[in-house]
$ cat final_4.cif   # mmCIF, N, CA, C and O atoms
data_target
loop_
_atom_site.label_atom_id
_atom_site.label_comp_id
_atom_site.auth_asym_id
_atom_site.auth_seq_id
_atom_site.Cartn_x
_atom_site.Cartn_y
_atom_site.Cartn_z
N MET A 13 -6.71 4.59 -10.36
CA MET A 13 -7.15 4.86 -11.69
C MET A 13 -8.65 5.12 -11.74
O MET A 13 -9.09 6.06 -12.36
N LEU A 14 -9.39 4.27 -11.08
CA LEU A 14 -10.84 4.46 -11.08
C LEU A 14 -11.26 5.69 -10.31
O LEU A 14 -12.29 6.27 -10.57
N ALA A 15 -10.45 6.09 -9.34
CA ALA A 15 -10.79 7.26 -8.55
C ALA A 15 -10.48 8.56 -9.30
O ALA A 15 -10.82 9.64 -8.85
N GLY A 16 -9.79 8.45 -10.43
CA GLY A 16 -9.51 9.62 -11.24
C GLY A 16 -8.34 10.45 -10.78
O GLY A 16 -8.23 11.62 -11.13
N VAL A 17 -7.44 9.88 -10.01
CA VAL A 17 -6.30 10.65 -9.51
C VAL A 17 -4.97 10.19 -10.11
O VAL A 17 -3.92 10.70 -9.75
N ALA A 18 -4.99 9.25 -11.04
CA ALA A 18 -3.76 8.69 -11.59
C ALA A 18 -2.85 9.77 -12.19
O ALA A 18 -1.63 9.69 -12.05
N LYS A 19 -3.42 10.77 -12.82
CA LYS A 19 -2.61 11.82 -13.42
C LYS A 19 -2.12 12.83 -12.40
O LYS A 19 -1.18 13.58 -12.66
N LYS A 20 -2.75 12.88 -11.23
CA LYS A 20 -2.38 13.85 -10.21
C LYS A 20 -1.33 13.31 -9.24
O LYS A 20 -0.64 14.09 -8.59
N VAL A 21 -1.21 12.00 -9.13
CA VAL A 21 -0.26 11.38 -8.21
C VAL A 21 0.96 10.96 -9.02
O VAL A 21 0.83 10.23 -9.99
N PRO A 22 2.15 11.41 -8.61
CA PRO A 22 3.34 11.15 -9.42
C PRO A 22 3.93 9.74 -9.28
O PRO A 22 5.03 9.48 -9.75
N TYR A 23 3.24 8.83 -8.64
CA TYR A 23 3.74 7.47 -8.47
C TYR A 23 2.57 6.51 -8.39
O TYR A 23 1.43 6.91 -8.16
N ASN A 24 2.84 5.24 -8.55
CA ASN A 24 1.83 4.19 -8.44
C ASN A 24 2.18 3.33 -7.23
O ASN A 24 3.15 2.57 -7.27
N ALA A 25 1.45 3.48 -6.14
CA ALA A 25 1.77 2.78 -4.89
C ALA A 25 1.77 1.26 -5.08
O ALA A 25 2.63 0.56 -4.52
N GLU A 26 0.84 0.75 -5.87
CA GLU A 26 0.80 -0.69 -6.13
C GLU A 26 2.09 -1.17 -6.79
O GLU A 26 2.71 -2.14 -6.36
N GLN A 27 2.52 -0.47 -7.82
CA GLN A 27 3.73 -0.88 -8.53
C GLN A 27 4.97 -0.72 -7.66
O GLN A 27 5.87 -1.56 -7.67
N LEU A 28 5.03 0.36 -6.88
CA LEU A 28 6.17 0.54 -5.97
C LEU A 28 6.26 -0.59 -4.96
O LEU A 28 7.35 -1.08 -4.67
N ALA A 29 5.12 -1.00 -4.41
CA ALA A 29 5.12 -2.11 -3.45
C ALA A 29 5.62 -3.40 -4.12
O ALA A 29 6.45 -4.12 -3.56
N LYS A 30 5.12 -3.67 -5.30
CA LYS A 30 5.55 -4.88 -6.03
C LYS A 30 7.03 -4.82 -6.36
O LYS A 30 7.74 -5.82 -6.24
N ASP A 31 7.51 -3.66 -6.78
CA ASP A 31 8.92 -3.49 -7.12
C ASP A 31 9.82 -3.75 -5.92
O ASP A 31 10.97 -4.15 -6.07
N ARG A 32 9.29 -3.51 -4.73
CA ARG A 32 10.08 -3.70 -3.51
C ARG A 32 9.84 -5.08 -2.88
O ARG A 32 10.22 -5.32 -1.75
N GLY A 33 9.14 -5.96 -3.60
CA GLY A 33 8.99 -7.34 -3.16
C GLY A 33 7.74 -7.65 -2.37
O GLY A 33 7.61 -8.74 -1.82
N ALA A 34 6.80 -6.73 -2.32
CA ALA A 34 5.57 -6.97 -1.58
C ALA A 34 4.71 -8.02 -2.28
O ALA A 34 4.69 -8.10 -3.50
N ASN A 35 4.01 -8.80 -1.50
CA ASN A 35 3.02 -9.73 -2.02
C ASN A 35 1.70 -8.97 -2.06
O ASN A 35 0.89 -9.05 -1.15
N TYR A 36 1.50 -8.21 -3.11
CA TYR A 36 0.38 -7.29 -3.24
C TYR A 36 -0.82 -8.02 -3.82
O TYR A 36 -0.73 -8.62 -4.89
N THR A 37 -1.93 -7.99 -3.11
CA THR A 37 -3.15 -8.61 -3.61
C THR A 37 -4.29 -7.60 -3.56
O THR A 37 -4.27 -6.67 -2.74
N LYS A 38 -5.25 -7.80 -4.44
CA LYS A 38 -6.43 -6.94 -4.43
C LYS A 38 -7.58 -7.70 -5.07
O LYS A 38 -7.39 -8.67 -5.80
N LYS A 39 -8.79 -7.25 -4.80
CA LYS A 39 -9.97 -7.82 -5.43
C LYS A 39 -10.03 -7.34 -6.87
O LYS A 39 -9.65 -6.21 -7.18
N LEU A 40 -10.50 -8.17 -7.74
CA LEU A 40 -10.64 -7.78 -9.14
C LEU A 40 -11.79 -6.80 -9.34
O LEU A 40 -11.75 -5.95 -10.22
N ILE A 41 -12.81 -6.94 -8.50
CA ILE A 41 -13.96 -6.03 -8.57
C ILE A 41 -13.67 -4.85 -7.64
O ILE A 41 -13.48 -5.03 -6.44
N PRO A 42 -13.62 -3.63 -8.17
CA PRO A 42 -13.30 -2.49 -7.32
C PRO A 42 -14.43 -2.14 -6.36
O PRO A 42 -15.59 -2.46 -6.59
N PHE A 43 -14.05 -1.50 -5.29
CA PHE A 43 -14.99 -0.96 -4.30
C PHE A 43 -15.78 -2.03 -3.56
O PHE A 43 -16.91 -1.77 -3.13
N VAL A 44 -15.22 -3.23 -3.41
CA VAL A 44 -15.81 -4.24 -2.54
C VAL A 44 -14.85 -4.44 -1.37
O VAL A 44 -13.64 -4.24 -1.51
N PRO A 45 -15.37 -4.81 -0.19
CA PRO A 45 -14.49 -4.99 0.96
C PRO A 45 -13.45 -6.09 0.70
O PRO A 45 -13.74 -7.12 0.10
N ASN A 46 -12.24 -5.82 1.17
CA ASN A 46 -11.16 -6.80 1.06
C ASN A 46 -10.16 -6.55 2.17
O ASN A 46 -9.65 -5.44 2.31
N VAL A 47 -9.90 -7.58 2.97
CA VAL A 47 -8.95 -7.49 4.07
C VAL A 47 -7.93 -8.59 3.91
O VAL A 47 -8.26 -9.72 3.58
N VAL A 48 -6.67 -8.24 4.16
CA VAL A 48 -5.59 -9.22 4.12
C VAL A 48 -4.86 -9.15 5.45
O VAL A 48 -4.54 -8.07 5.93
N ARG A 49 -4.59 -10.33 6.01
CA ARG A 49 -3.82 -10.40 7.25
C ARG A 49 -2.57 -11.23 7.01
O ARG A 49 -2.61 -12.32 6.46
N ASP A 50 -1.44 -10.68 7.43
CA ASP A 50 -0.15 -11.37 7.38
C ASP A 50 0.50 -11.19 8.74
O ASP A 50 1.09 -10.14 9.01
N GLY A 51 0.32 -12.17 9.59
CA GLY A 51 0.83 -12.03 10.95
C GLY A 51 0.07 -10.93 11.68
O GLY A 51 -1.15 -10.95 11.75
N ASN A 52 0.82 -9.96 12.18
CA ASN A 52 0.19 -8.84 12.89
C ASN A 52 -0.21 -7.69 11.98
O ASN A 52 -0.80 -6.73 12.44
N LEU A 53 0.13 -7.79 10.71
CA LEU A 53 -0.23 -6.74 9.76
C LEU A 53 -1.60 -7.04 9.17
O LEU A 53 -1.82 -8.09 8.57
N ILE A 54 -2.53 -6.12 9.35
CA ILE A 54 -3.89 -6.26 8.83
C ILE A 54 -4.19 -5.01 8.00
O ILE A 54 -4.07 -3.89 8.50
N THR A 55 -4.55 -5.23 6.74
CA THR A 55 -4.80 -4.09 5.86
C THR A 55 -6.14 -4.23 5.15
O THR A 55 -6.59 -5.33 4.88
N GLY A 56 -6.77 -3.09 4.89
CA GLY A 56 -8.00 -3.05 4.12
C GLY A 56 -7.75 -2.35 2.80
O GLY A 56 -6.96 -1.41 2.74
N GLN A 57 -8.39 -2.80 1.76
CA GLN A 57 -8.12 -2.30 0.40
C GLN A 57 -8.68 -0.91 0.15
O GLN A 57 -8.10 -0.14 -0.61
N ASN A 58 -9.81 -0.57 0.75
CA ASN A 58 -10.49 0.67 0.40
C ASN A 58 -11.42 1.07 1.54
O ASN A 58 -11.56 0.33 2.51
N PRO A 59 -12.06 2.22 1.46
CA PRO A 59 -12.97 2.63 2.54
C PRO A 59 -14.11 1.64 2.81
O PRO A 59 -14.57 1.54 3.94
N PHE A 60 -14.51 0.88 1.81
CA PHE A 60 -15.57 -0.10 2.01
C PHE A 60 -15.09 -1.30 2.85
O PHE A 60 -15.89 -2.12 3.28
N SER A 61 -13.79 -1.37 3.08
CA SER A 61 -13.21 -2.45 3.87
C SER A 61 -13.11 -2.10 5.35
O SER A 61 -12.66 -2.93 6.14
N ALA A 62 -13.50 -0.91 5.74
CA ALA A 62 -13.29 -0.44 7.11
C ALA A 62 -13.93 -1.36 8.14
O ALA A 62 -13.30 -1.74 9.14
N ARG A 63 -15.17 -1.76 7.92
CA ARG A 63 -15.87 -2.59 8.90
C ARG A 63 -15.20 -3.97 9.04
O ARG A 63 -14.96 -4.42 10.16
N VAL A 64 -14.87 -4.61 7.93
CA VAL A 64 -14.27 -5.95 8.03
C VAL A 64 -12.81 -5.86 8.50
O VAL A 64 -12.32 -6.79 9.14
N THR A 65 -12.15 -4.75 8.23
CA THR A 65 -10.79 -4.56 8.76
C THR A 65 -10.84 -4.42 10.27
O THR A 65 -10.04 -5.04 10.99
N ALA A 66 -11.78 -3.62 10.77
CA ALA A 66 -11.94 -3.47 12.22
C ALA A 66 -12.26 -4.81 12.87
O ALA A 66 -11.72 -5.14 13.93
N LYS A 67 -13.12 -5.60 12.25
CA LYS A 67 -13.46 -6.92 12.77
C LYS A 67 -12.22 -7.82 12.82
O LYS A 67 -12.00 -8.53 13.80
N ALA A 68 -11.41 -7.78 11.78
CA ALA A 68 -10.18 -8.58 11.77
C ALA A 68 -9.22 -8.15 12.87
O ALA A 68 -8.58 -9.00 13.49
N ILE A 69 -9.15 -6.86 13.13
CA ILE A 69 -8.28 -6.36 14.21
C ILE A 69 -8.81 -6.83 15.56
O ILE A 69 -8.05 -7.29 16.41
N ILE A 70 -10.12 -6.72 15.76
CA ILE A 70 -10.72 -7.18 17.02
C ILE A 70 -10.47 -8.67 17.21
O ILE A 70 -10.07 -9.11 18.29
N ASP A 71 -10.67 -9.45 16.16
CA ASP A 71 -10.44 -10.90 16.24
C ASP A 71 -8.97 -11.20 16.58
O ASP A 71 -8.67 -12.08 17.38
N ALA A 72 -8.06 -10.44 15.98
CA ALA A 72 -6.63 -10.65 16.24
C ALA A 72 -6.29 -10.32 17.69
O ALA A 72 -5.51 -11.03 18.32
N LEU A 73 -6.88 -9.25 18.22
CA LEU A 73 -6.61 -8.87 19.61
C LEU A 73 -7.21 -9.88 20.59
O LEU A 73 -6.63 -10.12 21.66
N GLU A 74 -8.35 -10.45 20.24
CA GLU A 74 -9.00 -11.43 21.13
C GLU A 74 -8.24 -12.74 21.20
O GLU A 74 -8.34 -13.45 22.18
N THR A 75 -7.44 -13.05 20.17
CA THR A 75 -6.71 -14.32 20.17
C THR A 75 -5.38 -14.21 20.87
O THR A 75 -4.67 -15.18 21.00
N LYS A 76 -5.02 -13.04 21.33
CA LYS A 76 -3.73 -12.83 22.03
C LYS A 76 -3.81 -13.33 23.45
O LYS A 76 -4.73 -13.29 24.13
#

$ encode --input "final_4.cif" --output "structure tokens"
Amino acid sequence: MLAGVAKKVPYNAEQLAKDRGANYTKKLIPFVPNVVRDGNLITGQNPFSARVTAKAIIDALETK
């Protein structure tokens, strides 16, 4: 919505994930880094999360 593409995209990925049972979390403040790890799945919320997502992946690989 904030990116201005809501009218151009025919679906809402957040709502689809929730509808399918996902435990969807996000930061309330947009455009701040946010990383979530669930087992081997590591996701970043937005482009500003790239650095901390990479760090989480490196940390996960080092603990193997």

$ atom_distance --input "final_4.cif" --atom1 "atom O of Val48 of chain A" --atom2 "atom C of Asn35 of chain A"
10.2 Å

$ select_by_dssp --input "final_4.cif" --residues "chain A" --states "strand (DSSP E)" --output "JSON, numbers by chain"
{"A": [47, 48, 49, 50, 53, 54, 55, 56]}

$ atom_distance --input "final_4.cif" --atom1 "atom CA of Phe60 of chain A" --atom2 "atom CA of Lys39 of chain A"
12.1 Å

$ select_by_dssp --input "final_4.cif" --residues "chain A" --states "helix (DSSP H, G or I)" --output "MDAnalysis selection string"
chainID A and resid 25:31 59:74

$ atom_distance --input "final_4.cif" --atom1 "atom O of Phe43 of chain A" --atom2 "atom N of Pro22 of chain A"
23.8 Å

$ closest_residue --input "final_4.cif" --among "A:Thr75, A:Tyr23, A:Thr55, A:Ala62" --to "Thr37 of chain A" --atoms "only C-alpha atoms"
A:Thr55

$ residues_around --input "final_4.cif" --residues "Gly56 of chain A" --least-positions-apart "5" --cutoff "6 Å" --atoms "all atoms listed in the file" --output "ChimeraX atom specification"
/A:46-48,61,65

$ residues_around --input "final_4.cif" --residues "Asp71 of chain A" --least-positions-apart "5" --cutoff "12 Å" --atoms "only C-alpha atoms" --output "MDAnalysis selection string"
chainID A and resid 49 52 54 64:66 76

$ closest_residue --input "final_4.cif" --among "A:Ala34, A:Ala25, A:Val44, A:Ala18" --to "Arg63 of chain A" --atoms "only C-alpha atoms"
A:Val44

$ build_atoms --input "final_4.cif" --residues "segment 26-37 of chain A" --atoms "all heavy atoms" --output "PDB file, in the coordinates of the input"
ATOM      1  N   GLU A  26       0.840   0.750  -5.870  1.00  0.00           N
ATOM      2  CA  GLU A  26       0.800  -0.690  -6.130  1.00  0.00           C
ATOM      3  C   GLU A  26       2.090  -1.170  -6.790  1.00  0.00           C
ATOM      4  O   GLU A  26       2.710  -2.140  -6.360  1.00  0.00           O
ATOM      5  CB  GLU A  26      -0.395  -1.040  -7.012  1.00  0.00           C
ATOM      6  CG  GLU A  26      -0.463  -2.493  -7.402  1.00  0.00           C
ATOM      7  CD  GLU A  26      -1.647  -2.810  -8.309  1.00  0.00           C
ATOM      8  OE1 GLU A  26      -2.587  -2.003  -8.389  1.00  0.00           O
ATOM      9  OE2 GLU A  26      -1.625  -3.883  -8.931  1.00  0.00           O
ATOM     10  N   GLN A  27       2.520  -0.470  -7.820  1.00  0.00           N
ATOM     11  CA  GLN A  27       3.730  -0.880  -8.530  1.00  0.00           C
ATOM     12  C   GLN A  27       4.970  -0.720  -7.660  1.00  0.00           C
ATOM     13  O   GLN A  27       5.870  -1.560  -7.670  1.00  0.00           O
ATOM     14  CB  GLN A  27       3.889  -0.103  -9.838  1.00  0.00           C
ATOM     15  CG  GLN A  27       4.960  -0.688 -10.726  1.00  0.00           C
ATOM     16  CD  GLN A  27       4.701  -2.151 -11.071  1.00  0.00           C
ATOM     17  OE1 GLN A  27       3.627  -2.509 -11.520  1.00  0.00           O
ATOM     18  NE2 GLN A  27       5.688  -3.003 -10.839  1.00  0.00           N
ATOM     19  N   LEU A  28       5.030   0.360  -6.880  1.00  0.00           N
ATOM     20  CA  LEU A  28       6.170   0.540  -5.970  1.00  0.00           C
ATOM     21  C   LEU A  28       6.260  -0.590  -4.960  1.00  0.00           C
ATOM     22  O   LEU A  28       7.350  -1.080  -4.670  1.00  0.00           O
ATOM     23  CB  LEU A  28       6.055   1.891  -5.245  1.00  0.00           C
ATOM     24  CG  LEU A  28       6.343   3.134  -6.068  1.00  0.00           C
ATOM     25  CD1 LEU A  28       6.031   4.385  -5.261  1.00  0.00           C
ATOM     26  CD2 LEU A  28       7.783   3.142  -6.538  1.00  0.00           C
ATOM     27  N   ALA A  29       5.120  -1.000  -4.410  1.00  0.00           N
ATOM     28  CA  ALA A  29       5.120  -2.110  -3.450  1.00  0.00           C
ATOM     29  C   ALA A  29       5.620  -3.400  -4.120  1.00  0.00           C
ATOM     30  O   ALA A  29       6.450  -4.120  -3.560  1.00  0.00           O
ATOM     31  CB  ALA A  29       3.727  -2.311  -2.875  1.00  0.00           C
ATOM     32  N   LYS A  30       5.120  -3.670  -5.300  1.00  0.00           N
ATOM     33  CA  LYS A  30       5.550  -4.880  -6.030  1.00  0.00           C
ATOM     34  C   LYS A  30       7.030  -4.820  -6.360  1.00  0.00           C
ATOM     35  O   LYS A  30       7.740  -5.820  -6.240  1.00  0.00           O
ATOM     36  CB  LYS A  30       4.728  -5.037  -7.309  1.00  0.00           C
ATOM     37  CG  LYS A  30       3.297  -5.447  -7.069  1.00  0.00           C
ATOM     38  CD  LYS A  30       2.542  -5.516  -8.389  1.00  0.00           C
ATOM     39  CE  LYS A  30       1.109  -5.926  -8.215  1.00  0.00           C
ATOM     40  NZ  LYS A  30       0.385  -5.928  -9.499  1.00  0.00           N
ATOM     41  N   ASP A  31       7.510  -3.660  -6.780  1.00  0.00           N
ATOM     42  CA  ASP A  31       8.920  -3.490  -7.120  1.00  0.00           C
ATOM     43  C   ASP A  31       9.820  -3.750  -5.920  1.00  0.00           C
ATOM     44  O   ASP A  31      10.970  -4.150  -6.070  1.00  0.00           O
ATOM     45  CB  ASP A  31       9.198  -2.075  -7.649  1.00  0.00           C
ATOM     46  CG  ASP A  31       8.586  -1.818  -9.013  1.00  0.00           C
ATOM     47  OD1 ASP A  31       8.149  -2.791  -9.679  1.00  0.00           O
ATOM     48  OD2 ASP A  31       8.522  -0.633  -9.402  1.00  0.00           O
ATOM     49  N   ARG A  32       9.290  -3.510  -4.730  1.00  0.00           N
ATOM     50  CA  ARG A  32      10.080  -3.700  -3.510  1.00  0.00           C
ATOM     51  C   ARG A  32       9.840  -5.080  -2.880  1.00  0.00           C
ATOM     52  O   ARG A  32      10.220  -5.320  -1.750  1.00  0.00           O
ATOM     53  CB  ARG A  32       9.775  -2.578  -2.527  1.00  0.00           C
ATOM     54  CG  ARG A  32      10.382  -1.251  -2.972  1.00  0.00           C
ATOM     55  CD  ARG A  32       9.854  -0.084  -2.173  1.00  0.00           C
ATOM     56  NE  ARG A  32      10.539   1.161  -2.453  1.00  0.00           N
ATOM     57  CZ  ARG A  32      10.395   1.889  -3.548  1.00  0.00           C
ATOM     58  NH1 ARG A  32       9.589   1.493  -4.511  1.00  0.00           N
ATOM     59  NH2 ARG A  32      11.047   3.028  -3.706  1.00  0.00           N
ATOM     60  N   GLY A  33       9.140  -5.960  -3.600  1.00  0.00           N
ATOM     61  CA  GLY A  33       8.990  -7.340  -3.160  1.00  0.00           C
ATOM     62  C   GLY A  33       7.740  -7.650  -2.370  1.00  0.00           C
ATOM     63  O   GLY A  33       7.610  -8.740  -1.820  1.00  0.00           O
ATOM     64  N   ALA A  34       6.800  -6.730  -2.320  1.00  0.00           N
ATOM     65  CA  ALA A  34       5.570  -6.970  -1.580  1.00  0.00           C
ATOM     66  C   ALA A  34       4.710  -8.020  -2.280  1.00  0.00           C
ATOM     67  O   ALA A  34       4.690  -8.100  -3.500  1.00  0.00           O
ATOM     68  CB  ALA A  34       4.775  -5.680  -1.431  1.00  0.00           C
ATOM     69  N   ASN A  35       4.010  -8.800  -1.500  1.00  0.00           N
ATOM     70  CA  ASN A  35       3.020  -9.730  -2.020  1.00  0.00           C
ATOM     71  C   ASN A  35       1.700  -8.970  -2.060  1.00  0.00           C
ATOM     72  O   ASN A  35       0.890  -9.050  -1.150  1.00  0.00           O
ATOM     73  CB  ASN A  35       2.918 -10.974  -1.142  1.00  0.00           C
ATOM     74  CG  ASN A  35       1.917 -11.972  -1.671  1.00  0.00           C
ATOM     75  OD1 ASN A  35       1.437 -11.868  -2.787  1.00  0.00           O
ATOM     76  ND2 ASN A  35       1.588 -12.942  -0.845  1.00  0.00           N
ATOM     77  N   TYR A  36       1.500  -8.210  -3.110  1.00  0.00           N
ATOM     78  CA  TYR A  36       0.380  -7.290  -3.240  1.00  0.00           C
ATOM     79  C   TYR A  36      -0.820  -8.020  -3.820  1.00  0.00           C
ATOM     80  O   TYR A  36      -0.730  -8.620  -4.890  1.00  0.00           O
ATOM     81  CB  TYR A  36       0.785  -6.123  -4.145  1.00  0.00           C
ATOM     82  CG  TYR A  36      -0.230  -5.017  -4.227  1.00  0.00           C
ATOM     83  CD1 TYR A  36      -0.122  -3.903  -3.425  1.00  0.00           C
ATOM     84  CD2 TYR A  36      -1.305  -5.091  -5.108  1.00  0.00           C
ATOM     85  CE1 TYR A  36      -1.051  -2.870  -3.485  1.00  0.00           C
ATOM     86  CE2 TYR A  36      -2.232  -4.071  -5.181  1.00  0.00           C
ATOM     87  CZ  TYR A  36      -2.090  -2.974  -4.372  1.00  0.00           C
ATOM     88  OH  TYR A  36      -3.015  -1.971  -4.436  1.00  0.00           O
ATOM     89  N   THR A  37      -1.930  -7.990  -3.110  1.00  0.00           N
ATOM     90  CA  THR A  37      -3.150  -8.610  -3.610  1.00  0.00           C
ATOM     91  C   THR A  37      -4.290  -7.600  -3.560  1.00  0.00           C
ATOM     92  O   THR A  37      -4.270  -6.670  -2.740  1.00  0.00           O
ATOM     93  CB  THR A  37      -3.554  -9.852  -2.797  1.00  0.00           C
ATOM     94  OG1 THR A  37      -3.818  -9.455  -1.450  1.00  0.00           O
ATOM     95  CG2 THR A  37      -2.454 -10.903  -2.797  1.00  0.00           C
TER      96      THR A  37
END
